[in-house]
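Participant: Sharing run04.pdb here; it has PDB, C-alpha atoms.
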ATOM      1  CA  MET U   1     -10.773  13.750  74.817
ATOM      2  CA  ASP U   2     -10.950  13.379  78.598
ATOM      3  CA  ILE U   3      -7.756  14.824  80.099
ATOM      4  CA  LEU U   4      -6.757  14.604  83.749
ATOM      5  CA  LEU U   5      -4.969  17.873  84.531
ATOM      6  CA  VAL U   6      -2.692  17.375  87.546
ATOM      7  CA  TYR U   7      -1.323  20.480  89.248
ATOM      8  CA  GLY U   8      -0.309  21.995  92.590
ATOM      9  CA  GLY U   9       2.086  19.686  94.383
ATOM     10  CA  ARG U  10       4.244  19.816  97.476
ATOM     11  CA  SER U  11       7.333  21.520  96.084
ATOM     12  CA  ALA U  12       8.449  25.091  96.680
ATOM     13  CA  GLU U  13       7.314  25.797  93.100
ATOM     14  CA  ARG U  14       3.662  25.104  93.906
ATOM     15  CA  ARG U  15       2.459  28.672  93.249
ATOM     16  CA  ILE U  16       3.888  28.658  89.722
ATOM     17  CA  SER U  17       2.211  25.296  89.060
ATOM     18  CA  LEU U  18      -1.175  26.779  89.939
ATOM     19  CA  GLU U  19      -0.614  29.670  87.518
ATOM     20  CA  SER U  20       0.651  27.360  84.760
ATOM     21  CA  ALA U  21      -2.325  25.021  85.163
ATOM     22  CA  GLY U  22      -4.708  27.918  84.660
ATOM     23  CA  PHE U  23      -3.213  28.715  81.246
ATOM     24  CA  VAL U  24      -3.020  25.055  80.158
ATOM     25  CA  ALA U  25      -6.640  24.513  81.195
ATOM     26  CA  GLU U  26      -7.748  27.556  79.197
ATOM     27  CA  VAL U  27      -5.999  26.332  76.031
ATOM     28  CA  LEU U  28      -7.179  22.716  76.348
ATOM     29  CA  ASP U  29     -10.727  23.806  77.066
ATOM     30  CA  ALA U  30     -10.705  26.093  74.015
ATOM     31  CA  ALA U  31      -9.502  23.129  71.939
ATOM     32  CA  GLY U  32     -12.633  21.179  72.947
ATOM     33  CA  HIS U  33     -11.164  18.751  75.478
ATOM     34  CA  ASN U  34     -13.027  17.702  78.606
ATOM     35  CA  LEU U  35     -10.860  18.595  81.601
ATOM     36  CA  ILE U  36     -10.837  16.747  84.904
ATOM     37  CA  ARG U  37      -8.911  18.833  87.414
ATOM     38  CA  LEU U  38      -6.907  17.016  90.080
ATOM     39  CA  GLU U  39      -5.032  19.181  92.568
ATOM     40  CA  ILE U  40      -2.224  17.814  94.722
ATOM     41  CA  GLY U  41      -2.251  19.819  97.935
ATOM     42  CA  ALA U  42       0.683  21.323  99.784
ATOM     43  CA  LYS U  43       0.616  18.349 102.175
ATOM     44  CA  GLY U  44       0.246  15.775  99.403
ATOM     45  CA  GLU U  45      -3.524  15.260  99.483
ATOM     46  CA  TRP U  46      -5.300  14.628  96.170
ATOM     47  CA  THR U  47      -8.613  16.361  95.553
ATOM     48  CA  LEU U  48     -11.040  16.268  92.657
ATOM     49  CA  ASP U  49     -13.746  18.932  92.578
ATOM     50  CA  ASP U  50     -12.965  19.642  96.234
ATOM     51  CA  GLY U  51     -13.455  15.994  97.175
ATOM     52  CA  PRO U  52     -10.883  13.330  98.113
ATOM     53  CA  VAL U  53      -9.519  10.873  95.549
ATOM     54  CA  GLN U  54      -8.643   7.211  96.031
ATOM     55  CA  LEU U  55      -6.185   5.229  93.930
ATOM     56  CA  ARG U  56      -7.296   1.656  93.254
ATOM     57  CA  ALA U  57      -4.680  -0.803  91.976
ATOM     58  CA  LEU U  58      -6.586  -3.145  89.641
ATOM     59  CA  PRO U  59      -5.024  -5.960  87.559
ATOM     60  CA  GLU U  60      -5.124  -4.339  84.114
ATOM     61  CA  SER U  61      -5.054  -0.636  84.868
ATOM     62  CA  TRP U  62      -5.165   1.362  88.055
ATOM     63  CA  LYS U  63      -8.184   3.587  88.618
ATOM     64  CA  LEU U  64      -8.955   6.842  90.373
ATOM     65  CA  ALA U  65     -12.158   7.044  92.352
ATOM     66  CA  GLY U  66     -13.802  10.235  93.531
ATOM     67  CA  GLN U  67     -16.954  10.893  95.479
ATOM     68  CA  ASP U  68     -19.086   9.992  92.453
ATOM     69  CA  GLY U  69     -17.247   6.804  91.554
ATOM     70  CA  VAL U  70     -14.477   5.854  89.105
ATOM     71  CA  VAL U  71     -12.928   8.713  87.141
ATOM     72  CA  ASP U  72     -12.255   7.785  83.509
ATOM     73  CA  PHE U  73      -9.747   9.695  81.389
ATOM     74  CA  ASP U  74      -7.658   9.181  78.270
ATOM     75  CA  LEU U  75      -4.526  11.097  79.225
ATOM     76  CA  VAL U  76      -2.785  12.619  82.232
ATOM     77  CA  PHE U  77      -1.366  16.114  81.691
ATOM     78  CA  PRO U  78       0.991  16.934  84.594
ATOM     79  CA  VAL U  79       1.619  20.631  85.197
ATOM     80  CA  LEU U  80       3.789  20.160  88.266
ATOM     81  CA  HIS U  81       7.015  22.109  88.748
ATOM     82  CA  GLY U  82       9.895  20.857  90.870
ATOM     83  CA  PRO U  83      10.295  17.737  93.036
ATOM     84  CA  LEU U  84       7.459  15.220  93.360
ATOM     85  CA  GLY U  85       6.052  16.149  89.976
ATOM     86  CA  GLU U  86       8.646  17.204  87.423
ATOM     87  CA  ASP U  87      11.348  14.768  88.572
ATOM     88  CA  GLY U  88       9.935  11.466  87.299
ATOM     89  CA  THR U  89       7.911  10.546  90.390
ATOM     90  CA  VAL U  90       4.456  11.290  88.953
ATOM     91  CA  GLN U  91       5.617   9.977  85.568
ATOM     92  CA  GLY U  92       6.613   6.717  87.255
ATOM     93  CA  LEU U  93       3.201   6.504  88.891
ATOM     94  CA  CYS U  94       1.579   6.897  85.474
ATOM     95  CA  GLU U  95       3.774   4.116  84.057
ATOM     96  CA  MET U  96       2.866   1.813  86.956
ATOM     97  CA  ALA U  97      -0.823   2.646  86.600
ATOM     98  CA  GLY U  98      -0.853   2.122  82.838
ATOM     99  CA  TRP U  99      -1.912   5.720  82.124
ATOM    100  CA  ARG U 100      -0.790   7.668  79.078
ATOM    101  CA  TYR U 101       0.733  11.011  80.078
ATOM    102  CA  ALA U 102       1.956  14.172  78.394
ATOM    103  CA  GLY U 103       5.516  15.336  78.708
ATOM    104  CA  ALA U 104       8.861  13.735  79.384
ATOM    105  CA  ASP U 105       9.142  10.124  80.482
ATOM    106  CA  VAL U 106      10.631   8.921  83.768
ATOM    107  CA  MET U 107      14.293   8.969  82.702
ATOM    108  CA  THR U 108      14.204  12.309  80.893
ATOM    109  CA  SER U 109      12.322  13.883  83.810
ATOM    110  CA  SER U 110      14.623  12.590  86.543
ATOM    111  CA  LEU U 111      17.831  13.431  84.678
ATOM    112  CA  ALA U 112      16.720  16.939  83.761
ATOM    113  CA  MET U 113      15.618  17.685  87.330
ATOM    114  CA  ASN U 114      19.047  16.828  88.716
ATOM    115  CA  LYS U 115      21.611  19.505  87.794
ATOM    116  CA  VAL U 116      24.500  17.214  88.739
ATOM    117  CA  ALA U 117      23.267  14.439  86.446
ATOM    118  CA  THR U 118      22.568  16.798  83.539
ATOM    119  CA  LYS U 119      25.969  18.469  83.729
ATOM    120  CA  ARG U 120      27.721  15.118  83.775
ATOM    121  CA  MET U 121      25.679  13.954  80.782
ATOM    122  CA  PHE U 122      26.443  17.150  78.901
ATOM    123  CA  GLU U 123      30.157  16.883  79.619
ATOM    124  CA  TRP U 124      30.103  13.267  78.433
ATOM    125  CA  ARG U 125      28.577  14.393  75.118
ATOM    126  CA  ARG U 126      30.929  17.399  74.934
ATOM    127  CA  LEU U 127      28.200  19.989  75.307
ATOM    128  CA  PRO U 128      29.590  23.201  76.830
ATOM    129  CA  VAL U 129      28.887  23.895  80.514
ATOM    130  CA  LEU U 130      30.438  26.370  82.924
ATOM    131  CA  PRO U 131      32.963  25.145  85.533
ATOM    132  CA  TRP U 132      31.143  23.591  88.476
ATOM    133  CA  ILE U 133      31.456  21.307  91.491
ATOM    134  CA  THR U 134      28.918  19.401  93.547
ATOM    135  CA  VAL U 135      28.620  19.606  97.323
ATOM    136  CA  ARG U 136      26.657  17.354  99.653
ATOM    137  CA  ALA U 137      25.303  18.214 103.071
ATOM    138  CA  SER U 138      27.547  15.508 104.544
ATOM    139  CA  ARG U 139      30.683  17.549 103.818
ATOM    140  CA  SER U 140      31.770  21.150 104.099
ATOM    141  CA  LEU U 141      33.105  23.285 101.284
ATOM    142  CA  SER U 142      36.373  25.038 102.012
ATOM    143  CA  THR U 143      37.100  28.386 100.452
ATOM    144  CA  SER U 144      40.304  26.893  99.048
ATOM    145  CA  GLU U 145      38.156  24.819  96.662
ATOM    146  CA  LEU U 146      36.776  27.995  95.114
ATOM    147  CA  THR U 147      39.946  29.036  93.354
ATOM    148  CA  GLY U 148      41.018  29.317  89.756
ATOM    149  CA  GLU U 149      38.087  28.539  87.460
ATOM    150  CA  LEU U 150      35.688  28.569  90.410
ATOM    151  CA  SER U 151      36.771  31.775  92.106
ATOM    152  CA  PRO U 152      33.916  34.175  92.855
ATOM    153  CA  PRO U 153      31.547  35.198  91.490
ATOM    154  CA  VAL U 154      29.745  31.852  91.691
ATOM    155  CA  PHE U 155      26.161  30.664  91.996
ATOM    156  CA  VAL U 156      25.200  28.244  94.776
ATOM    157  CA  LYS U 157      22.166  26.199  93.727
ATOM    158  CA  PRO U 158      20.015  23.364  95.053
ATOM    159  CA  ALA U 159      20.643  20.550  92.563
ATOM    160  CA  ARG U 160      17.007  19.437  92.307
ATOM    161  CA  LEU U 161      14.800  22.518  92.248
ATOM    162  CA  GLY U 162      13.734  25.102  89.691
ATOM    163  CA  SER U 163      12.315  28.625  89.347
ATOM    164  CA  SER U 164      15.615  29.985  90.751
ATOM    165  CA  ILE U 165      14.427  29.109  94.268
ATOM    166  CA  GLY U 166      17.236  28.659  96.809
ATOM    167  CA  ILE U 167      19.898  30.139  94.522
ATOM    168  CA  THR U 168      22.397  32.749  95.711
ATOM    169  CA  ARG U 169      25.018  34.646  93.757
ATOM    170  CA  VAL U 170      28.231  34.809  95.801
ATOM    171  CA  ASP U 171      30.565  37.668  94.911
ATOM    172  CA  ASN U 172      32.457  37.577  98.193
ATOM    173  CA  LEU U 173      33.602  34.447 100.060
ATOM    174  CA  ASP U 174      32.219  35.932 103.273
ATOM    175  CA  ARG U 175      28.748  35.082 101.908
ATOM    176  CA  LEU U 176      29.573  31.491 100.982
ATOM    177  CA  GLU U 177      28.386  29.807 104.184
ATOM    178  CA  ASP U 178      25.092  31.696 104.193
ATOM    179  CA  ALA U 179      24.544  30.749 100.540
ATOM    180  CA  LEU U 180      25.241  27.083 101.280
ATOM    181  CA  ASP U 181      22.877  27.106 104.259
ATOM    182  CA  HIS U 182      20.147  28.726 102.165
ATOM    183  CA  ALA U 183      20.486  26.131  99.410
ATOM    184  CA  TYR U 184      20.668  23.271 101.943
ATOM    185  CA  SER U 185      17.273  24.335 103.272
ATOM    186  CA  TYR U 186      15.859  23.027  99.956
ATOM    187  CA  ASP U 187      18.177  20.142  99.028
ATOM    188  CA  CYS U 188      21.039  18.086 100.471
ATOM    189  CA  LEU U 189      22.756  18.077  97.071
ATOM    190  CA  LEU U 190      24.111  21.363  95.741
ATOM    191  CA  VAL U 191      25.859  22.737  92.678
ATOM    192  CA  VAL U 192      28.395  25.536  92.898
ATOM    193  CA  GLU U 193      28.847  27.012  89.439
ATOM    194  CA  LYS U 194      30.978  29.768  87.983
ATOM    195  CA  ALA U 195      28.974  32.941  87.306
ATOM    196  CA  LEU U 196      29.369  34.391  83.842
ATOM    197  CA  ASP U 197      29.513  38.166  84.015
ATOM    198  CA  ARG U 198      27.421  40.138  81.527
ATOM    199  CA  ALA U 199      25.959  36.902  80.194
ATOM    200  CA  ARG U 200      22.930  36.948  77.925
ATOM    201  CA  GLU U 201      20.193  34.472  78.889
ATOM    202  CA  ILE U 202      18.880  32.686  75.804
ATOM    203  CA  GLU U 203      16.070  30.111  75.800
ATOM    204  CA  VAL U 204      14.907  27.605  73.186
ATOM    205  CA  SER U 205      11.751  25.468  73.307
ATOM    206  CA  VAL U 206      11.951  21.845  72.170
ATOM    207  CA  LEU U 207       9.393  19.196  71.198
ATOM    208  CA  GLY U 208      10.126  15.475  71.099
ATOM    209  CA  GLY U 209       8.754  13.257  68.375
ATOM    210  CA  PRO U 210       9.244   9.960  66.516
ATOM    211  CA  ASP U 211      11.788  11.588  64.204
ATOM    212  CA  GLY U 212      13.747  13.250  66.991
ATOM    213  CA  ALA U 213      13.625  16.651  68.629
ATOM    214  CA  SER U 214      12.663  19.904  66.957
ATOM    215  CA  ALA U 215      13.541  23.355  68.305
ATOM    216  CA  SER U 216      11.846  26.747  68.187
ATOM    217  CA  MET U 217      13.530  30.023  67.399
ATOM    218  CA  PRO U 218      15.632  31.350  70.317
ATOM    219  CA  GLY U 219      14.363  34.060  72.657
ATOM    220  CA  GLU U 220      16.219  36.231  75.136
ATOM    221  CA  VAL U 221      15.451  37.067  78.750
ATOM    222  CA  LEU U 222      16.249  40.609  79.851
ATOM    223  CA  PRO U 223      15.999  40.415  83.657
ATOM    224  CA  GLY U 224      14.890  43.485  85.523
ATOM    225  CA  LYS U 225      17.458  42.698  88.211
ATOM    226  CA  GLU U 226      21.146  41.764  88.288
ATOM    227  CA  TRP U 227      20.274  38.176  87.404
ATOM    228  CA  TYR U 228      17.160  36.142  86.630
ATOM    229  CA  ASP U 229      16.128  35.122  90.142
ATOM    230  CA  TYR U 230      12.628  34.198  91.336
ATOM    231  CA  GLU U 231      11.577  37.812  91.798
ATOM    232  CA  ALA U 232      12.883  38.803  88.355
ATOM    233  CA  LYS U 233      11.003  35.883  86.770
ATOM    234  CA  TYR U 234       7.616  36.302  88.384
ATOM    235  CA  GLU U 235       7.353  39.627  90.206
ATOM    236  CA  CYS U 236       9.519  42.222  88.443
ATOM    237  CA  GLU U 237       7.710  44.360  85.882
ATOM    238  CA  ASP U 238      11.037  45.445  84.395
ATOM    239  CA  SER U 239      11.923  41.927  83.183
ATOM    240  CA  ARG U 240      11.302  41.425  79.462
ATOM    241  CA  LEU U 241      11.284  38.591  76.945
ATOM    242  CA  VAL U 242      12.637  39.333  73.486
ATOM    243  CA  ILE U 243      11.367  37.047  70.687
ATOM    244  CA  PRO U 244      13.239  36.389  68.518
ATOM    245  CA  ALA U 245      16.556  37.053  70.228
ATOM    246  CA  ASP U 246      18.847  39.485  68.435
ATOM    247  CA  LEU U 247      21.352  36.931  67.129
ATOM    248  CA  SER U 248      23.142  36.173  63.895
ATOM    249  CA  SER U 249      21.541  33.466  61.783
ATOM    250  CA  ASP U 250      24.559  31.201  62.379
ATOM    251  CA  LEU U 251      24.358  31.576  66.159
ATOM    252  CA  ALA U 252      20.574  31.085  66.168
ATOM    253  CA  SER U 253      21.049  27.884  64.148
ATOM    254  CA  ARG U 254      23.754  26.677  66.556
ATOM    255  CA  LEU U 255      21.486  27.336  69.521
ATOM    256  CA  LYS U 256      18.656  25.321  67.982
ATOM    257  CA  THR U 257      20.953  22.408  67.125
ATOM    258  CA  THR U 258      22.527  22.426  70.604
ATOM    259  CA  ALA U 259      19.095  22.578  72.270
ATOM    260  CA  GLU U 260      17.938  19.530  70.313
ATOM    261  CA  LYS U 261      21.119  17.659  71.189
ATOM    262  CA  ALA U 262      20.891  18.550  74.891
ATOM    263  CA  PHE U 263      17.285  17.351  74.989
ATOM    264  CA  GLU U 264      18.084  14.120  73.161
ATOM    265  CA  VAL U 265      21.053  13.404  75.475
ATOM    266  CA  LEU U 266      18.544  13.231  78.346
ATOM    267  CA  GLY U 267      16.155  10.955  76.446
ATOM    268  CA  GLY U 268      14.282  13.387  74.248
ATOM    269  CA  THR U 269      10.667  12.525  75.130
ATOM    270  CA  GLY U 270       7.872  15.019  75.673
ATOM    271  CA  PHE U 271       8.812  18.675  75.553
ATOM    272  CA  ALA U 272      11.215  21.044  77.291
ATOM    273  CA  ARG U 273      12.776  24.465  77.430
ATOM    274  CA  VAL U 274      16.554  24.540  77.141
ATOM    275  CA  ASP U 275      18.280  27.510  78.784
ATOM    276  CA  PHE U 276      21.642  28.887  77.656
ATOM    277  CA  LEU U 277      24.160  31.488  78.767
ATOM    278  CA  LEU U 278      25.963  33.470  76.082
ATOM    279  CA  SER U 279      29.179  35.303  76.972
ATOM    280  CA  PRO U 280      30.074  38.747  75.582
ATOM    281  CA  LYS U 281      32.695  36.974  73.437
ATOM    282  CA  GLY U 282      30.058  34.686  71.919
ATOM    283  CA  ASP U 283      30.856  31.543  73.932
ATOM    284  CA  LEU U 284      27.760  29.399  74.448
ATOM    285  CA  TYR U 285      26.990  27.316  77.555
ATOM    286  CA  VAL U 286      24.053  24.996  78.300
ATOM    287  CA  ASN U 287      22.581  26.027  81.639
ATOM    288  CA  GLU U 288      19.682  23.630  82.223
ATOM    289  CA  VAL U 289      16.745  21.744  80.714
ATOM    290  CA  ASN U 290      13.207  22.178  82.077
ATOM    291  CA  THR U 291      10.865  19.311  81.185
ATOM    292  CA  ILE U 292       7.776  21.075  82.563
ATOM    293  CA  PRO U 293       8.627  24.711  81.864
ATOM    294  CA  GLY U 294       6.428  27.542  83.000
ATOM    295  CA  PHE U 295       3.054  27.631  81.246
ATOM    296  CA  THR U 296       1.814  30.969  82.512
ATOM    297  CA  SER U 297       0.372  33.393  79.967
ATOM    298  CA  ILE U 298       3.731  35.218  79.751
ATOM    299  CA  SER U 299       5.990  32.149  79.801
ATOM    300  CA  MET U 300       8.672  31.719  77.158
ATOM    301  CA  PHE U 301       7.941  28.079  76.183
ATOM    302  CA  HIS U 302       4.658  28.547  74.331
ATOM    303  CA  ARG U 303       5.482  32.084  73.192
ATOM    304  CA  LEU U 304       8.588  30.831  71.379
ATOM    305  CA  TRP U 305       6.533  28.177  69.589
ATOM    306  CA  GLU U 306       3.847  30.696  68.679
ATOM    307  CA  ALA U 307       6.509  32.957  67.155
ATOM    308  CA  SER U 308       7.822  29.888  65.329
ATOM    309  CA  GLY U 309       4.433  29.240  63.738
ATOM    310  CA  ILE U 310       2.755  26.877  66.238
ATOM    311  CA  PRO U 311       0.016  28.638  68.276
ATOM    312  CA  PRO U 312      -0.947  27.342  71.744
ATOM    313  CA  LYS U 313      -3.871  25.105  70.686
ATOM    314  CA  ARG U 314      -1.837  23.396  67.973
ATOM    315  CA  LEU U 315       1.116  23.128  70.376
ATOM    316  CA  MET U 316      -1.053  21.260  72.886
ATOM    317  CA  GLU U 317      -2.261  18.907  70.167
ATOM    318  CA  ARG U 318       1.356  18.166  69.227
ATOM    319  CA  ILE U 319       2.154  17.377  72.860
ATOM    320  CA  ILE U 320      -0.937  15.168  73.222
ATOM    321  CA  SER U 321      -0.252  13.331  69.957
ATOM    322  CA  GLU U 322       3.319  12.527  71.008
ATOM    323  CA  ALA U 323       2.065  11.206  74.354
ATOM    324  CA  LEU U 324      -0.601   8.970  72.817
ATOM    325  CA  THR U 325       1.688   7.468  70.162
ATOM    326  CA  ARG U 326       4.720   6.916  72.393
ATOM    327  CA  ARG U 327       5.471   3.219  72.675
ATOM    328  CA  ARG U 328       5.324   1.887  76.206
ATOM    329  CA  ILE U 329       8.594   0.476  77.519
ATOM    330  CA  GLY U 330       9.052  -3.163  78.409
ATOM    331  CA  ARG U 331       5.784  -4.433  76.985
ATOM    332  CA  GLU U 332       5.209  -6.704  74.049
ATOM    333  CA  ARG U 333       4.302  -4.780  70.932
ATOM    334  CA  PRO U 334       0.644  -5.463  70.068
ATOM    335  CA  VAL U 335      -0.056  -6.973  66.665
ATOM    336  CA  GLY U 336      -0.380  -4.229  64.066
ATOM    337  CA  GLU U 337       1.278  -1.511  66.171
TER     338      GLU U 337
END
In structure tokens, how does this file's structure come out?
Facilitator:
Amino acid sequence: MDILLVYGGRSAERRISLESAGFVAEVLDAAGHNLIRLEIGAKGEWTLDDGPVQLRALPESWKLAGQDGVVDFDLVFPVLHGPLGEDGTVQGLCEMAGWRYAGADVMTSSLAMNKVATKRMFEWRRLPVLPWITVRASRSLSTSELTGELSPPVFVKPARLGSSIGITRVDNLDRLEDALDHAYSYDCLLVVEKALDRAREIEVSVLGGPDGASASMPGEVLPGKEWYDYEAKYECEDSRLVIPADLSSDLASRLKTTAEKAFEVLGGTGFARVDFLLSPKGDLYVNEVNTIPGFTSISMFHRLWEASGIPPKRLMERIISEALTRRRIGRERPVGE
């Protein structure tokens, strides 16, 4: 199968996308697929084999044209982390162009990328989340608002970014303004969320399908720092992943069920990694859903599935199969489909 692998992008998570794309390309190539590599540059330029790419809007299906003419492919596989890639923008382009694509659809992608939207959806479906408020750049946040359930420690986060970029833990209100300014440098919409002391970070991988979502066994992140920030995720040799997580069978089952429900609340297409926080008392909170989780060689998403009995090559085939059989929205069903 001819697969257009799209990676890079303009977001602050670009470096992780490049690493993830390398692993995905290795697995797809080993599975016998023909890869066409399309990199989106830091300034938004599209290149194919180091040459520019043109998008041609034709009546039936849009086409990509490189230096050697039209580029034909069967499927787009986006490996783009963060805004302008993971947030529904590239998925929307694929829908407009009439291209099949792997991963979450437009709605699931855009909802999952927006922490404000996901928390509101989870609260609506009575899924447990930590106390939180949203703050926009158009208004200030007074220290009087951070009282009671939202007294420090809190995390200040950009609402539409991943990889822990732009996030600050605030233990003292004297650091609040600096934390807000840091997060505002990435997004005009922020989330201020209660920090859970001595929390365990548990992750579950999820696959969408015609019969609903299915979840992997849970794994645990043991950060090599105070919390799982960007450095702890990608640069700290002391950070470890424990698969499976040391949990009771009842709690592991509850995590899997909650992960499936959280994914389905957001639309449930494609695949995702659902992240949880577990308190010392055993209280469980949904933290976030990543619809294009890290795909580096050490990333949790594929390692959890491998431990659950689905190795990387078979995992990719599952993802591709779901993408190719997904019914397109708003179009008349062809005879026999």
Participant: Starting from the displayed file, determine the output of the PyMOL selection byres ((chain U and resi 292) around 8) and express the residue list as a JSON list (two decimals) with C-alpha atoms, in the frame of the given file.
Facilitator:
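Saved to expr-v6.json:
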[["chain", "number", "residue", "atom", "x", "y", "z"],
["U", 79, "VAL", "CA", 1.62, 20.63, 85.20],
["U", 80, "LEU", "CA", 3.79, 20.16, 88.27],
["U", 81, "HIS", "CA", 7.02, 22.11, 88.75],
["U", 86, "GLU", "CA", 8.65, 17.20, 87.42],
["U", 103, "GLY", "CA", 5.52, 15.34, 78.71],
["U", 271, "PHE", "CA", 8.81, 18.68, 75.55],
["U", 272, "ALA", "CA", 11.22, 21.04, 77.29],
["U", 273, "ARG", "CA", 12.78, 24.46, 77.43],
["U", 290, "ASN", "CA", 13.21, 22.18, 82.08],
["U", 291, "THR", "CA", 10.86, 19.31, 81.18],
["U", 293, "PRO", "CA", 8.63, 24.71, 81.86],
["U", 294, "GLY", "CA", 6.43, 27.54, 83.00]]
Participant: Need to verify the contact set: His302 of chain U, 8 Å, all atoms listed in the file, exclusion of same-chain residues closer than 3 positions in sequence. Can you return it as a VMD selection string?
Facilitator: chain U and resid 205 295 299 305 to 306 311 to 312 315
Participant: Would you translate the PyMOL selection byres ((chain U and resi 153) around 9) into the concrete set of residues it matches in this file, as a PDB file with C-alpha atoms, keeping the file's coordinate frame?
Facilitator:
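Here's the written file part.pdb:
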ATOM      1  CA  LEU U 150      35.688  28.569  90.410  1.00  0.00           C
ATOM      2  CA  SER U 151      36.771  31.775  92.106  1.00  0.00           C
ATOM      3  CA  PRO U 152      33.916  34.175  92.855  1.00  0.00           C
ATOM      4  CA  VAL U 154      29.745  31.852  91.691  1.00  0.00           C
ATOM      5  CA  PHE U 155      26.161  30.664  91.996  1.00  0.00           C
ATOM      6  CA  ARG U 169      25.018  34.646  93.757  1.00  0.00           C
ATOM      7  CA  VAL U 170      28.231  34.809  95.801  1.00  0.00           C
ATOM      8  CA  ASP U 171      30.565  37.668  94.911  1.00  0.00           C
ATOM      9  CA  ASN U 172      32.457  37.577  98.193  1.00  0.00           C
ATOM     10  CA  LEU U 173      33.602  34.447 100.060  1.00  0.00           C
ATOM     11  CA  GLU U 193      28.847  27.012  89.439  1.00  0.00           C
ATOM     12  CA  LYS U 194      30.978  29.768  87.983  1.00  0.00           C
ATOM     13  CA  ALA U 195      28.974  32.941  87.306  1.00  0.00           C
ATOM     14  CA  LEU U 196      29.369  34.391  83.842  1.00  0.00           C
ATOM     15  CA  ASP U 197      29.513  38.166  84.015  1.00  0.00           C
TER      16      ASP U 197
END
Participant: I need the residue set behind the PyMOL selection byres ((chain U and resi 276) around 7) for this file; please write it as a list of chain:residue names.
Facilitator: U:Glu201, U:Ile202, U:Glu203, U:Val274, U:Asp275, U:Leu277, U:Leu278, U:Leu284, U:Tyr285, U:Val286, U:Asn287
Participant: Could you check the closest approach to Asp246 of chain U for each of U:Glu220, U:Glu149, U:Asp2, U:Glu264 and tell me which residue wins, using only C-alpha atoms?
Facilitator: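 Between U:Glu220, U:Glu149, U:Asp2, U:Glu264, the residue approaching Asp246 of chain U most closely is U:Glu220.
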Participant: Rank nothing, just name the residue among U:Leu75, U:Val192, U:Val265, U:Ala213 nearest to Trp99 of chain U, using all atoms listed in the file.
Facilitator: U:Leu75
Participant: Go through U:Ser248, U:Pro280, U:Val71, U:Ala215 and flag the residue nearest Ser308 of chain U, using all atoms listed in the file for the distances.
Facilitator: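 Looking at the shortest contact to Ser308 of chain U, the residue is U:Ala215.
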Participant: In the coordinates of the file, take the point (-7.4, 8.7, 89.7) and a cut-off of 9 Å; then, counting only C-alpha atoms, name each qualifying protein, DNA or RNA residue as a ChimeraX atom specification.
Facilitator: /U:4,38,48,53-56,62-66,70-73
